[in-house]
Every structure is written in structure tokens, then in C-alpha cells.
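A.B. asks: Following this line is my_file-v2.txt, made up of compact mmCIF, N, CA and C atoms:
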```txt
# COMPACT_ATOMS: atom_id res chain seq x y z
N MET A 1 49.95 22.20 -33.28
CA MET A 1 49.28 22.63 -32.10
C MET A 1 49.83 21.89 -30.90
N ASN A 2 50.36 20.69 -31.15
CA ASN A 2 50.93 19.94 -30.04
C ASN A 2 52.21 20.60 -29.59
N GLN A 3 52.25 20.84 -28.32
CA GLN A 3 53.44 21.44 -27.74
C GLN A 3 54.20 20.36 -26.98
N PRO A 4 55.46 20.53 -26.87
CA PRO A 4 56.20 19.52 -26.10
C PRO A 4 55.74 19.54 -24.65
N GLY A 5 55.49 18.34 -24.09
CA GLY A 5 55.07 18.22 -22.70
C GLY A 5 53.56 18.23 -22.53
N ALA A 6 52.82 18.59 -23.56
CA ALA A 6 51.36 18.61 -23.45
C ALA A 6 50.82 17.20 -23.64
N THR A 7 49.76 16.89 -22.92
CA THR A 7 49.18 15.55 -23.03
C THR A 7 48.19 15.52 -24.17
N LYS A 8 47.69 14.33 -24.49
CA LYS A 8 46.71 14.18 -25.55
C LYS A 8 45.41 14.90 -25.17
N ASP A 9 45.05 14.81 -23.89
CA ASP A 9 43.82 15.46 -23.43
C ASP A 9 43.94 16.98 -23.54
N MET A 10 45.10 17.49 -23.35
CA MET A 10 45.31 18.93 -23.42
C MET A 10 45.03 19.40 -24.84
N GLY A 11 45.43 18.61 -25.80
CA GLY A 11 45.19 18.96 -27.20
C GLY A 11 43.70 18.98 -27.49
N LYS A 12 42.93 18.04 -26.90
CA LYS A 12 41.49 18.00 -27.10
C LYS A 12 40.84 19.23 -26.49
N MET A 13 41.33 19.63 -25.32
CA MET A 13 40.75 20.79 -24.64
C MET A 13 41.00 22.07 -25.41
N LEU A 14 42.11 22.14 -26.07
CA LEU A 14 42.45 23.35 -26.81
C LEU A 14 41.82 23.38 -28.19
N GLY A 15 41.01 22.39 -28.51
CA GLY A 15 40.31 22.41 -29.78
C GLY A 15 40.95 21.56 -30.84
N GLY A 16 41.92 20.77 -30.47
CA GLY A 16 42.56 19.90 -31.44
C GLY A 16 41.65 18.73 -31.80
N GLU A 17 42.00 18.04 -32.82
CA GLU A 17 41.20 16.90 -33.25
C GLU A 17 41.43 15.72 -32.31
N GLU A 18 40.35 14.98 -32.08
CA GLU A 18 40.46 13.79 -31.24
C GLU A 18 41.07 12.67 -32.07
N GLU A 19 41.81 11.84 -31.40
CA GLU A 19 42.36 10.68 -32.09
C GLU A 19 41.26 9.65 -32.20
N LYS A 20 41.10 9.09 -33.35
CA LYS A 20 40.07 8.09 -33.58
C LYS A 20 40.65 6.71 -33.31
N ASP A 21 39.95 5.99 -32.43
CA ASP A 21 40.35 4.62 -32.14
C ASP A 21 39.56 3.72 -33.08
N PRO A 22 40.23 2.96 -33.91
CA PRO A 22 39.51 2.14 -34.89
C PRO A 22 38.62 1.08 -34.23
N ASP A 23 38.94 0.65 -33.02
CA ASP A 23 38.16 -0.38 -32.34
C ASP A 23 37.21 0.22 -31.30
N ALA A 24 37.02 1.52 -31.30
CA ALA A 24 36.21 2.18 -30.27
C ALA A 24 34.76 1.69 -30.30
N ALA A 25 34.19 1.58 -31.48
CA ALA A 25 32.79 1.14 -31.59
C ALA A 25 32.64 -0.28 -31.08
N LYS A 26 33.60 -1.12 -31.42
CA LYS A 26 33.55 -2.51 -30.99
C LYS A 26 33.68 -2.61 -29.47
N LYS A 27 34.59 -1.82 -28.91
CA LYS A 27 34.79 -1.82 -27.46
C LYS A 27 33.55 -1.31 -26.73
N GLU A 28 32.95 -0.27 -27.28
CA GLU A 28 31.74 0.29 -26.67
C GLU A 28 30.60 -0.72 -26.69
N GLU A 29 30.48 -1.44 -27.80
CA GLU A 29 29.43 -2.47 -27.92
C GLU A 29 29.66 -3.58 -26.91
N GLU A 30 30.91 -4.01 -26.74
CA GLU A 30 31.24 -5.04 -25.75
C GLU A 30 30.94 -4.55 -24.33
N ARG A 31 31.25 -3.29 -24.08
CA ARG A 31 31.00 -2.72 -22.74
C ARG A 31 29.50 -2.69 -22.45
N GLN A 32 28.71 -2.27 -23.45
CA GLN A 32 27.26 -2.22 -23.28
C GLN A 32 26.69 -3.63 -23.04
N GLU A 33 27.21 -4.61 -23.78
CA GLU A 33 26.75 -6.00 -23.61
C GLU A 33 27.09 -6.50 -22.21
N ALA A 34 28.29 -6.16 -21.72
CA ALA A 34 28.69 -6.57 -20.37
C ALA A 34 27.77 -5.94 -19.32
N LEU A 35 27.42 -4.67 -19.53
CA LEU A 35 26.51 -4.00 -18.60
C LEU A 35 25.13 -4.65 -18.60
N ARG A 36 24.63 -4.99 -19.81
CA ARG A 36 23.34 -5.66 -19.90
C ARG A 36 23.36 -7.00 -19.18
N GLN A 37 24.45 -7.74 -19.39
CA GLN A 37 24.56 -9.05 -18.76
C GLN A 37 24.62 -8.91 -17.23
N GLN A 38 25.37 -7.94 -16.73
CA GLN A 38 25.44 -7.71 -15.28
C GLN A 38 24.07 -7.34 -14.72
N GLU A 39 23.35 -6.52 -15.44
CA GLU A 39 22.01 -6.11 -15.00
C GLU A 39 21.07 -7.31 -14.95
N GLU A 40 21.12 -8.17 -15.95
CA GLU A 40 20.28 -9.38 -15.96
C GLU A 40 20.62 -10.29 -14.80
N GLU A 41 21.92 -10.47 -14.52
CA GLU A 41 22.35 -11.30 -13.40
C GLU A 41 21.86 -10.71 -12.08
N ARG A 42 21.95 -9.40 -11.94
CA ARG A 42 21.50 -8.73 -10.72
C ARG A 42 19.99 -8.93 -10.52
N LYS A 43 19.22 -8.75 -11.61
CA LYS A 43 17.77 -8.93 -11.51
C LYS A 43 17.42 -10.36 -11.15
N ALA A 44 18.13 -11.33 -11.75
CA ALA A 44 17.87 -12.74 -11.45
C ALA A 44 18.18 -13.04 -9.99
N LYS A 45 19.28 -12.48 -9.50
CA LYS A 45 19.67 -12.68 -8.10
C LYS A 45 18.59 -12.16 -7.16
N TYR A 46 18.11 -10.94 -7.41
CA TYR A 46 17.10 -10.35 -6.52
C TYR A 46 15.75 -11.03 -6.67
N ALA A 47 15.43 -11.52 -7.86
CA ALA A 47 14.17 -12.27 -8.03
C ALA A 47 14.23 -13.56 -7.23
N LYS A 48 15.38 -14.24 -7.24
CA LYS A 48 15.55 -15.46 -6.47
C LYS A 48 15.43 -15.18 -4.97
N MET A 49 16.07 -14.09 -4.52
CA MET A 49 16.00 -13.73 -3.10
C MET A 49 14.56 -13.41 -2.69
N GLU A 50 13.83 -12.71 -3.53
CA GLU A 50 12.45 -12.35 -3.23
C GLU A 50 11.56 -13.58 -3.20
N ALA A 51 11.82 -14.55 -4.08
CA ALA A 51 11.05 -15.79 -4.07
C ALA A 51 11.28 -16.56 -2.77
N GLU A 52 12.54 -16.59 -2.31
CA GLU A 52 12.84 -17.25 -1.04
C GLU A 52 12.13 -16.54 0.11
N ARG A 53 12.16 -15.22 0.11
CA ARG A 53 11.47 -14.45 1.16
C ARG A 53 9.97 -14.74 1.16
N GLU A 54 9.39 -14.81 -0.03
CA GLU A 54 7.95 -15.06 -0.13
C GLU A 54 7.62 -16.45 0.40
N ASN A 55 8.50 -17.43 0.17
CA ASN A 55 8.27 -18.76 0.73
C ASN A 55 8.27 -18.71 2.26
N VAL A 56 9.21 -17.96 2.84
CA VAL A 56 9.26 -17.82 4.30
C VAL A 56 8.00 -17.12 4.79
N ARG A 57 7.61 -16.05 4.11
CA ARG A 57 6.39 -15.32 4.51
C ARG A 57 5.17 -16.24 4.48
N GLN A 58 5.06 -17.04 3.40
CA GLN A 58 3.91 -17.93 3.27
C GLN A 58 3.91 -18.97 4.39
N GLY A 59 5.09 -19.46 4.75
CA GLY A 59 5.18 -20.40 5.87
C GLY A 59 4.67 -19.78 7.16
N ILE A 60 5.04 -18.53 7.39
CA ILE A 60 4.57 -17.83 8.59
C ILE A 60 3.07 -17.63 8.53
N ARG A 61 2.54 -17.23 7.35
CA ARG A 61 1.10 -17.04 7.20
C ARG A 61 0.35 -18.34 7.48
N ASP A 62 0.87 -19.45 6.95
CA ASP A 62 0.23 -20.75 7.16
C ASP A 62 0.27 -21.14 8.63
N LYS A 63 1.39 -20.91 9.26
CA LYS A 63 1.57 -21.30 10.66
C LYS A 63 0.60 -20.56 11.57
N TYR A 64 0.43 -19.25 11.35
CA TYR A 64 -0.39 -18.43 12.23
C TYR A 64 -1.77 -18.11 11.68
N GLY A 65 -2.11 -18.64 10.50
CA GLY A 65 -3.44 -18.43 9.93
C GLY A 65 -3.68 -17.00 9.48
N ILE A 66 -2.66 -16.35 9.00
CA ILE A 66 -2.78 -14.95 8.54
C ILE A 66 -3.03 -14.96 7.04
N LYS A 67 -3.92 -14.07 6.59
CA LYS A 67 -4.18 -13.96 5.15
C LYS A 67 -3.33 -12.85 4.56
N LYS A 68 -3.03 -12.99 3.27
CA LYS A 68 -2.31 -11.94 2.56
C LYS A 68 -3.17 -10.69 2.49
N LYS A 69 -2.53 -9.55 2.38
CA LYS A 69 -3.25 -8.28 2.29
C LYS A 69 -4.17 -8.28 1.08
N GLU A 70 -3.68 -8.80 -0.06
CA GLU A 70 -4.50 -8.81 -1.27
C GLU A 70 -5.73 -9.70 -1.08
N GLU A 71 -5.57 -10.83 -0.38
CA GLU A 71 -6.70 -11.73 -0.16
C GLU A 71 -7.76 -11.06 0.71
N ARG A 72 -7.31 -10.36 1.77
CA ARG A 72 -8.27 -9.67 2.64
C ARG A 72 -9.02 -8.60 1.88
N GLU A 73 -8.29 -7.83 1.06
CA GLU A 73 -8.94 -6.78 0.29
C GLU A 73 -9.92 -7.36 -0.72
N ALA A 74 -9.55 -8.48 -1.34
CA ALA A 74 -10.44 -9.11 -2.32
C ALA A 74 -11.71 -9.62 -1.63
N GLU A 75 -11.57 -10.21 -0.45
CA GLU A 75 -12.74 -10.70 0.28
C GLU A 75 -13.65 -9.55 0.69
N ALA A 76 -13.07 -8.45 1.15
CA ALA A 76 -13.87 -7.29 1.54
C ALA A 76 -14.61 -6.72 0.33
N GLN A 77 -13.93 -6.65 -0.81
CA GLN A 77 -14.55 -6.14 -2.03
C GLN A 77 -15.68 -7.06 -2.48
N ALA A 78 -15.46 -8.37 -2.39
CA ALA A 78 -16.48 -9.34 -2.79
C ALA A 78 -17.70 -9.22 -1.87
N ALA A 79 -17.48 -8.99 -0.59
CA ALA A 79 -18.59 -8.84 0.35
C ALA A 79 -19.39 -7.59 0.02
N LEU A 80 -18.72 -6.51 -0.33
CA LEU A 80 -19.43 -5.28 -0.70
C LEU A 80 -20.24 -5.49 -1.97
N GLU A 81 -19.65 -6.17 -2.94
CA GLU A 81 -20.35 -6.41 -4.20
C GLU A 81 -21.55 -7.33 -3.99
N ALA A 82 -21.41 -8.32 -3.10
CA ALA A 82 -22.50 -9.25 -2.83
C ALA A 82 -23.66 -8.52 -2.15
N ASN A 83 -23.37 -7.59 -1.27
CA ASN A 83 -24.41 -6.84 -0.58
C ASN A 83 -25.16 -5.92 -1.54
N ALA A 84 -24.47 -5.35 -2.49
CA ALA A 84 -25.06 -4.37 -3.40
C ALA A 84 -25.48 -5.00 -4.72
N GLU A 85 -25.51 -6.31 -4.79
CA GLU A 85 -25.76 -6.98 -6.06
C GLU A 85 -27.12 -6.62 -6.66
N GLY A 86 -28.21 -6.63 -5.86
CA GLY A 86 -29.53 -6.35 -6.39
C GLY A 86 -29.94 -4.91 -6.24
N SER A 87 -29.06 -4.06 -5.76
CA SER A 87 -29.39 -2.67 -5.49
C SER A 87 -29.01 -1.77 -6.65
N LEU A 88 -29.85 -0.79 -6.89
CA LEU A 88 -29.54 0.19 -7.94
C LEU A 88 -28.84 1.42 -7.38
N THR A 89 -28.87 1.57 -6.07
CA THR A 89 -28.24 2.72 -5.43
C THR A 89 -26.98 2.28 -4.70
N ARG A 90 -26.29 3.25 -4.18
CA ARG A 90 -25.07 2.93 -3.44
C ARG A 90 -25.44 2.23 -2.14
N PRO A 91 -24.52 1.46 -1.55
CA PRO A 91 -24.82 0.76 -0.31
C PRO A 91 -25.06 1.74 0.83
N LYS A 92 -26.01 1.42 1.69
CA LYS A 92 -26.30 2.27 2.84
C LYS A 92 -25.20 2.11 3.87
N LYS A 93 -24.93 3.20 4.55
CA LYS A 93 -23.92 3.15 5.60
C LYS A 93 -24.57 2.60 6.86
N ALA A 94 -23.82 1.88 7.63
CA ALA A 94 -24.33 1.31 8.87
C ALA A 94 -24.59 2.44 9.87
N ILE A 95 -25.69 2.33 10.60
CA ILE A 95 -26.02 3.33 11.61
C ILE A 95 -25.28 2.97 12.88
N PRO A 96 -24.46 3.89 13.39
CA PRO A 96 -23.70 3.57 14.60
C PRO A 96 -24.64 3.40 15.79
N PRO A 97 -24.25 2.60 16.76
CA PRO A 97 -25.10 2.41 17.93
C PRO A 97 -25.29 3.73 18.67
N GLY A 98 -26.50 3.91 19.21
CA GLY A 98 -26.80 5.14 19.93
C GLY A 98 -27.47 6.17 19.05
N CYS A 99 -27.66 5.89 17.77
CA CYS A 99 -28.30 6.83 16.86
C CYS A 99 -29.69 6.31 16.49
N GLY A 100 -30.58 7.20 16.13
CA GLY A 100 -31.88 6.78 15.62
C GLY A 100 -32.93 6.67 16.71
N ASP A 101 -33.82 5.66 16.59
CA ASP A 101 -34.96 5.50 17.48
C ASP A 101 -34.55 5.15 18.91
N GLU A 102 -33.43 4.54 19.09
CA GLU A 102 -33.01 4.11 20.41
C GLU A 102 -32.90 5.29 21.37
N ASP A 103 -32.46 6.44 20.89
CA ASP A 103 -32.30 7.62 21.75
C ASP A 103 -33.63 8.02 22.37
N GLU A 104 -34.70 7.99 21.59
CA GLU A 104 -36.01 8.38 22.11
C GLU A 104 -36.45 7.42 23.20
N GLU A 105 -36.22 6.14 23.01
CA GLU A 105 -36.59 5.15 24.02
C GLU A 105 -35.79 5.37 25.29
N GLU A 106 -34.50 5.68 25.15
CA GLU A 106 -33.67 5.92 26.32
C GLU A 106 -34.15 7.16 27.06
N GLU A 107 -34.54 8.21 26.34
CA GLU A 107 -35.03 9.42 27.00
C GLU A 107 -36.30 9.12 27.78
N GLU A 108 -37.20 8.32 27.22
CA GLU A 108 -38.43 7.96 27.93
C GLU A 108 -38.08 7.18 29.18
N SER A 109 -37.16 6.25 29.09
CA SER A 109 -36.83 5.46 30.26
C SER A 109 -36.17 6.33 31.33
N ILE A 110 -35.40 7.32 30.93
CA ILE A 110 -34.79 8.24 31.90
C ILE A 110 -35.89 9.04 32.59
N LEU A 111 -36.87 9.53 31.83
CA LEU A 111 -37.99 10.29 32.41
C LEU A 111 -38.77 9.41 33.38
N ASP A 112 -39.03 8.18 33.00
CA ASP A 112 -39.74 7.26 33.90
C ASP A 112 -38.95 7.03 35.18
N THR A 113 -37.65 6.91 35.06
CA THR A 113 -36.80 6.70 36.23
C THR A 113 -36.88 7.91 37.17
N VAL A 114 -36.88 9.11 36.62
CA VAL A 114 -36.95 10.32 37.45
C VAL A 114 -38.31 10.40 38.14
N ILE A 115 -39.36 10.06 37.41
CA ILE A 115 -40.72 10.13 37.98
C ILE A 115 -40.85 9.16 39.14
N LYS A 116 -40.20 8.03 39.09
CA LYS A 116 -40.28 7.05 40.17
C LYS A 116 -39.80 7.64 41.49
N TYR A 117 -38.84 8.55 41.45
CA TYR A 117 -38.26 9.08 42.66
C TYR A 117 -39.02 10.31 43.19
N LEU A 118 -40.02 10.78 42.47
CA LEU A 118 -40.80 11.92 42.92
C LEU A 118 -41.87 11.45 43.93
N PRO A 119 -42.31 12.35 44.81
CA PRO A 119 -43.41 11.99 45.73
C PRO A 119 -44.69 11.70 44.95
N GLY A 120 -45.62 10.97 45.54
CA GLY A 120 -46.86 10.52 44.92
C GLY A 120 -47.63 11.58 44.17
N PRO A 121 -47.95 12.73 44.78
CA PRO A 121 -48.76 13.73 44.07
C PRO A 121 -48.05 14.27 42.82
N LEU A 122 -46.74 14.42 42.88
CA LEU A 122 -46.00 14.92 41.71
C LEU A 122 -45.98 13.87 40.61
N GLN A 123 -45.90 12.59 40.98
CA GLN A 123 -45.94 11.51 39.97
C GLN A 123 -47.26 11.58 39.21
N ASP A 124 -48.34 11.84 39.93
CA ASP A 124 -49.67 11.90 39.28
C ASP A 124 -49.70 13.06 38.29
N MET A 125 -49.11 14.21 38.65
CA MET A 125 -49.11 15.37 37.77
C MET A 125 -48.38 15.05 36.46
N PHE A 126 -47.21 14.36 36.55
CA PHE A 126 -46.42 14.08 35.36
C PHE A 126 -47.03 12.99 34.51
N LYS A 127 -47.77 12.06 35.11
CA LYS A 127 -48.38 10.99 34.35
C LYS A 127 -49.53 11.48 33.50
N LYS A 128 -50.17 12.59 33.91
CA LYS A 128 -51.28 13.14 33.14
C LYS A 128 -50.75 13.90 32.01
```
Show me the file's structure as C-alpha cells.
C.D. replies:
Amino acid sequence: MNQPGATKDMGKMLGGEEEKDPDAAKKEEERQEALRQQEEERKAKYAKMEAERENVRQGIRDKYGIKKKEEREAEAQAALEANAEGSLTRPKKAIPPGCGDEDEEEEESILDTVIKYLPGPLQDMFKK
């Protein structure tokens, strides 16, 4: 099947048998080991870089009194749990300012303010 001038790959493409390399398995194993070793070195390098970055970040946090995101979230969660510790129901939501009984008091004070500016006889009518 080999023709003069044809390469080894050409023979494989045409359906010829591949040449078996007796050391192919050994070479492949060495190549895989080298890849594993390179990957471990790369991971170690980036872990070291990340540790250095974290040290710098911690220095900045200490200098400016900033807490880590995880610490803030943990404190907020602990505060919620402490508030709901003796409760069997979900925590109540805070009532925003301007809602509830305050509105009625404000309306009364507005009405009183308007009555003050009315002439005397009209004030008497509204007070009754």
C-alpha cells in the first residue's frame, strides 16, 4: 500500500496500519506526569500570590477599620437570630417613618393650624 513518495501519515489516512512505538505508553505516562507536575506548580504559585494579596488586603482593613464581607454578614445574621430567639413567628418588619398612628396626629395638627387662621365665628363652628 505504501507508494513511493507517500509519507507515513498518508498511509494511516488511507487505512494502513499504524506503526506501533514500543515506548509510546512509557512516553505518554511521562508526558502526563509532567503535565500533573506543571499543574501543581501553577496552583502553588497562584495560592502563594493569593496569600500575599490577602495579607495586603488585611493590612488595609486594619488600617482603615474595615470589616471583611463575611464578618459583616455573620454579624447581621447573628443580630437577626438574637432578635428572633424567643419568637415563634418570623421577625416583624420595621415600620417606615410616616406610617401608622403618626399620620392621624399630623392630620389633626394640620386641621388645627387651618382653624387658627379662620375668623372667630368660623373657628367656633369647627370646634363644635
A.B. asks: State, in Å with one decimal place, the distance from atom N of Glu73 in chain A to atom N of Lys48 in chain A.
C.D. replies: 25.9 Å
A.B. asks: One decimal, in Å: what's the spacing between CA of Phe126 in chain A and CA of Thr113 in chain A?
C.D. replies: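 Interatomic distance here is 12.2 Å.
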A.B. asks: Tell me, in Å to one decimal, how far CA of Gln123 in chain A is from CA of Ile110 in chain A.
C.D. replies: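 Answer for the CA of Gln123 in chain A to CA of Ile110 in chain A separation: 14.1 Å.
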